[in-house]
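Asker: Next comes the structure file entry_23.cif, holding mmCIF, C-alpha atoms.
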data_model
#
loop_
_atom_site.label_atom_id
_atom_site.label_comp_id
_atom_site.auth_asym_id
_atom_site.auth_seq_id
_atom_site.Cartn_x
_atom_site.Cartn_y
_atom_site.Cartn_z
CA MET A 1 0.00 0.00 0.00
CA LEU A 2 2.75 2.44 0.93
CA GLU A 3 4.42 1.91 -2.44
CA ILE A 4 1.20 2.47 -4.39
CA LYS A 5 0.10 5.68 -2.62
CA PRO A 6 2.78 8.00 -4.11
CA LYS A 7 2.05 6.68 -7.60
CA LEU A 8 -1.69 7.12 -7.05
CA ASP A 9 -1.14 10.69 -5.79
CA GLU A 10 0.98 11.39 -8.87
CA ALA A 11 -1.77 10.07 -11.16
CA VAL A 12 -4.45 12.15 -9.40
CA ASN A 13 -2.28 15.27 -9.67
CA ALA A 14 -1.70 14.64 -13.38
CA LEU A 15 -5.44 14.36 -14.01
CA GLU A 16 -6.27 17.41 -11.88
CA TRP A 17 -3.49 19.66 -13.16
CA PRO A 18 -5.33 21.26 -16.13
CA ALA A 19 -8.39 21.96 -13.96
CA LEU A 20 -6.20 23.46 -11.22
CA ILE A 21 -4.60 25.83 -13.71
CA ILE A 22 -8.00 26.96 -14.98
CA ASP A 23 -9.29 27.39 -11.43
CA ALA A 24 -6.26 29.45 -10.40
CA LYS A 25 -6.50 31.74 -13.41
CA GLU A 26 -10.25 32.26 -12.96
CA TRP A 27 -9.82 33.16 -9.28
CA LEU A 28 -7.00 35.56 -10.19
CA GLU A 29 -9.40 37.29 -12.62
CA TYR A 30 -12.12 37.54 -9.96
CA LEU A 31 -9.58 38.87 -7.49
CA GLN A 32 -8.22 41.44 -9.93
CA ARG A 33 -11.71 42.81 -10.57
CA VAL A 34 -12.52 43.33 -6.90
CA VAL A 35 -9.04 44.65 -6.13
CA ASP A 36 -9.39 47.20 -8.93
CA GLN A 37 -12.73 48.40 -7.53
CA HIS A 38 -12.35 48.06 -3.78
CA GLY A 39 -8.88 46.88 -2.82
CA SER A 40 -6.47 48.70 -0.56
CA GLU A 41 -2.91 49.28 -1.73
CA GLN A 42 -1.79 46.35 0.42
CA GLN A 43 -4.44 44.10 -1.11
CA ARG A 44 -3.44 45.24 -4.61
CA GLN A 45 0.16 44.34 -3.90
CA LYS A 46 -0.82 40.97 -2.48
CA ALA A 47 -2.93 40.21 -5.57
CA GLU A 48 -0.01 41.14 -7.81
CA ASP A 49 2.30 38.89 -5.78
CA TYR A 50 -0.18 36.02 -5.99
CA SER A 51 -0.34 36.38 -9.76
CA GLY A 52 3.42 36.07 -10.08
CA GLU A 53 3.52 33.17 -7.65
CA VAL A 54 0.83 31.30 -9.60
CA GLU A 55 2.82 31.67 -12.82
CA GLU A 56 5.93 30.33 -11.09
CA ILE A 57 4.02 27.42 -9.53
CA ILE A 58 2.51 26.53 -12.92
CA ARG A 59 5.92 26.72 -14.57
CA LYS A 60 7.36 24.40 -11.89
CA HIS A 61 4.29 22.11 -12.09
CA GLU A 62 3.57 21.98 -8.34
CA PRO A 63 -0.05 20.90 -7.82
CA ASN A 64 -0.04 20.96 -4.01
CA ARG A 65 1.42 24.47 -3.92
CA LEU A 66 -1.12 25.59 -6.52
CA ARG A 67 -4.00 24.27 -4.41
CA LYS A 68 -2.71 26.23 -1.41
CA LYS A 69 -2.22 29.36 -3.50
CA ILE A 70 -5.80 29.10 -4.81
CA GLU A 71 -6.99 28.95 -1.19
CA GLN A 72 -5.03 32.15 -0.43
CA ILE A 73 -6.47 33.89 -3.49
CA VAL A 74 -10.01 32.88 -2.53
CA ARG A 75 -9.47 34.13 1.04
CA LEU A 76 -8.23 37.53 -0.18
CA TYR A 77 -11.15 37.77 -2.63
CA HIS A 78 -13.64 37.11 0.18
CA GLU A 79 -11.84 39.51 2.51
CA ILE A 80 -12.38 42.30 -0.01
CA VAL A 81 -15.95 41.53 -1.11
CA MET A 82 -17.16 40.82 2.41
CA SER A 83 -15.98 44.26 3.50
CA GLN A 84 -18.51 45.81 1.08
CA PRO A 85 -22.00 46.45 2.54
CA GLY A 86 -23.51 45.91 -0.91
CA TRP A 87 -22.22 42.34 -0.91
CA TRP A 88 -24.15 41.63 2.28
CA VAL A 89 -27.31 43.20 0.85
CA ASN A 90 -26.93 40.94 -2.17
CA GLN A 91 -26.45 37.91 0.08
CA LEU A 92 -29.63 38.77 1.98
CA GLN A 93 -31.52 38.98 -1.32
CA LEU A 94 -30.15 35.59 -2.35
CA MET A 95 -31.17 34.09 0.99
CA GLU A 96 -34.70 35.44 0.50
CA LYS A 97 -34.90 33.50 -2.76
CA LYS A 98 -33.75 30.31 -1.02
CA GLN A 99 -35.94 30.57 2.05
CA GLU A 100 -38.13 27.60 1.08
CA LYS A 101 -35.05 25.33 1.31
CA MET A 102 -34.18 26.43 4.85
CA SER A 103 -34.59 23.90 7.63
CA ASP A 104 -36.29 26.21 10.17
CA GLN A 105 -38.86 28.39 8.39
CA ALA A 106 -39.85 30.36 11.49
CA LYS A 107 -36.26 31.27 12.25
CA ALA A 108 -35.60 32.05 8.57
CA THR A 109 -38.60 34.40 8.43
CA ARG A 110 -37.47 36.17 11.60
CA LEU A 111 -33.86 36.56 10.41
CA LEU A 112 -34.86 37.73 6.93
CA GLY A 113 -37.12 40.36 8.51
CA GLN A 114 -34.27 41.52 10.73
CA GLY A 115 -32.04 41.69 7.66
CA ARG A 116 -34.54 43.84 5.73
CA THR A 117 -34.89 46.16 8.74
CA ALA A 118 -31.10 46.50 9.00
CA CYS A 119 -30.90 47.40 5.29
CA LYS A 120 -33.59 50.06 5.68
CA LYS A 121 -31.89 51.57 8.73
CA TYR A 122 -28.55 51.64 6.93
CA ALA A 123 -30.06 53.28 3.84
CA ALA A 124 -32.03 55.81 5.90
CA GLY A 125 -28.98 56.73 7.98
CA LEU A 126 -26.79 57.08 4.92
CA GLN A 127 -29.39 59.21 3.13
CA ASN A 128 -29.57 61.51 6.14
CA ILE A 129 -25.80 61.95 6.22
CA VAL A 130 -25.55 62.60 2.46
CA ARG A 131 -28.38 65.13 2.59
CA GLN A 132 -26.60 66.99 5.39
CA LEU A 133 -23.39 66.94 3.36
CA TRP A 134 -25.29 68.35 0.37
CA ASP A 135 -26.34 71.25 2.57
CA LEU A 136 -22.65 72.10 2.96
CA LEU A 137 -22.04 72.38 -0.79
CA PRO A 138 -22.95 74.92 -3.46
CA GLU A 139 -26.11 74.00 -5.42
CA GLU A 140 -24.28 73.39 -8.71
CA THR A 141 -21.90 70.96 -6.99
CA VAL A 142 -24.85 69.08 -5.49
CA ALA A 143 -26.59 68.94 -8.87
CA GLU A 144 -23.43 67.54 -10.45
CA ALA A 145 -23.06 64.97 -7.68
CA LYS A 146 -26.66 63.82 -8.12
CA ARG A 147 -26.04 63.25 -11.83
CA GLY A 148 -22.94 61.19 -11.01
CA PHE A 149 -24.80 58.01 -10.15
CA GLY A 150 -23.33 55.13 -12.13
CA GLY A 151 -23.97 51.45 -12.64
CA ASP A 152 -20.62 50.39 -11.23
CA LEU A 153 -21.32 51.65 -7.72
CA ILE A 154 -21.32 49.08 -4.94
CA PHE A 155 -22.10 49.95 -1.33
#
As structure tokens, what does this structure read like?

Answerer:
Amino acid sequence: MLEIKPKLDEAVNALEWPALIIDAKEWLEYLQRVVDQHGSEQQRQKAEDYSGEVEEIIRKHEPNRLRKKIEQIVRLYHEIVMSQPGWWVNQLQLMEKKQEKMSDQAKATRLLGQGRTACKKYAAGLQNIVRQLWDLLPEETVAEAKRGFGGDLIF
């Protein structure tokens, strides 16, 4: 058994290798998009480092290292997106669509209601702050700001 295991691991790695490469490159693309929109300078640098490391790992054909690097990329991606309030609003909306699959309907209904209330409070509080900030600006600047709403905005 001990003699067969390394050969079996080698065969599994050979079969998985093309899929690992695709997975790594896809996650790097996802990461680059969120880093470009919402990443800090430190996160940008880390994403750039990961990209170079992935290329080196692929060149050296190291499946186990590539798996670990993919895990790091996924963690950084989630760190960035989960820091965005809009991501959580989107998750709440997705959970609303999946409510019928939830194991405890009463608890799900209660939690979804709390989530909707939290979203309303956040939006109302933010609107109040922005309106007060508008009061501090000249009218033409406020008018320009109001026209600046774009489709790429995320909370």

Asker: Selected by the PyMOL selection byres ((chain A and resi 20-31) around 10) in the shown coordinates: which residues, as a ChimeraX atom specification?

Answerer: /A:13,15-19,32-36,39,43-44,47-48,50-51,54-55,57-58,61,63-64,66-67,69-71,73-78,80-81

Asker: Grab the atom CA of Glu139 of chain A to atom CA of Gly125 of chain A distance for me, in Å with one decimal place.

Answerer: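 Rounded to one decimal, the two atoms are 22.0 Å apart.
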
Asker: For the point (-19.1, 43.0, -0.4) in file coordinates, what residues are within 12 Å, counting only C-alpha atoms? Give the answer as a tab-separated table (two decimals) with C-alpha atoms, keeping the file's coordinate frame?

Answerer:
chain	number	residue	atom	x	y	z
A	34	VAL	CA	-12.52	43.33	-6.90
A	35	VAL	CA	-9.04	44.65	-6.13
A	37	GLN	CA	-12.73	48.40	-7.53
A	38	HIS	CA	-12.35	48.06	-3.78
A	39	GLY	CA	-8.88	46.88	-2.82
A	77	TYR	CA	-11.15	37.77	-2.63
A	78	HIS	CA	-13.64	37.11	0.18
A	79	GLU	CA	-11.84	39.51	2.51
A	80	ILE	CA	-12.38	42.30	-0.01
A	81	VAL	CA	-15.95	41.53	-1.11
A	82	MET	CA	-17.16	40.82	2.41
A	83	SER	CA	-15.98	44.26	3.50
A	84	GLN	CA	-18.51	45.81	1.08
A	85	PRO	CA	-22.00	46.45	2.54
A	86	GLY	CA	-23.51	45.91	-0.91
A	87	TRP	CA	-22.22	42.34	-0.91
A	88	TRP	CA	-24.15	41.63	2.28
A	89	VAL	CA	-27.31	43.20	0.85
A	90	ASN	CA	-26.93	40.94	-2.17
A	91	GLN	CA	-26.45	37.91	0.08
A	92	LEU	CA	-29.63	38.77	1.98
A	153	LEU	CA	-21.32	51.65	-7.72
A	154	ILE	CA	-21.32	49.08	-4.94
A	155	PHE	CA	-22.10	49.95	-1.33

Asker: So that I can see what lies close to Gly113 of chain A, please list as a count of residues only the residues with an atom at most 12 Å from it, counting all atoms listed in the file and leaving out residues fewer than 3 positions away in the same chain.

Answerer: 15
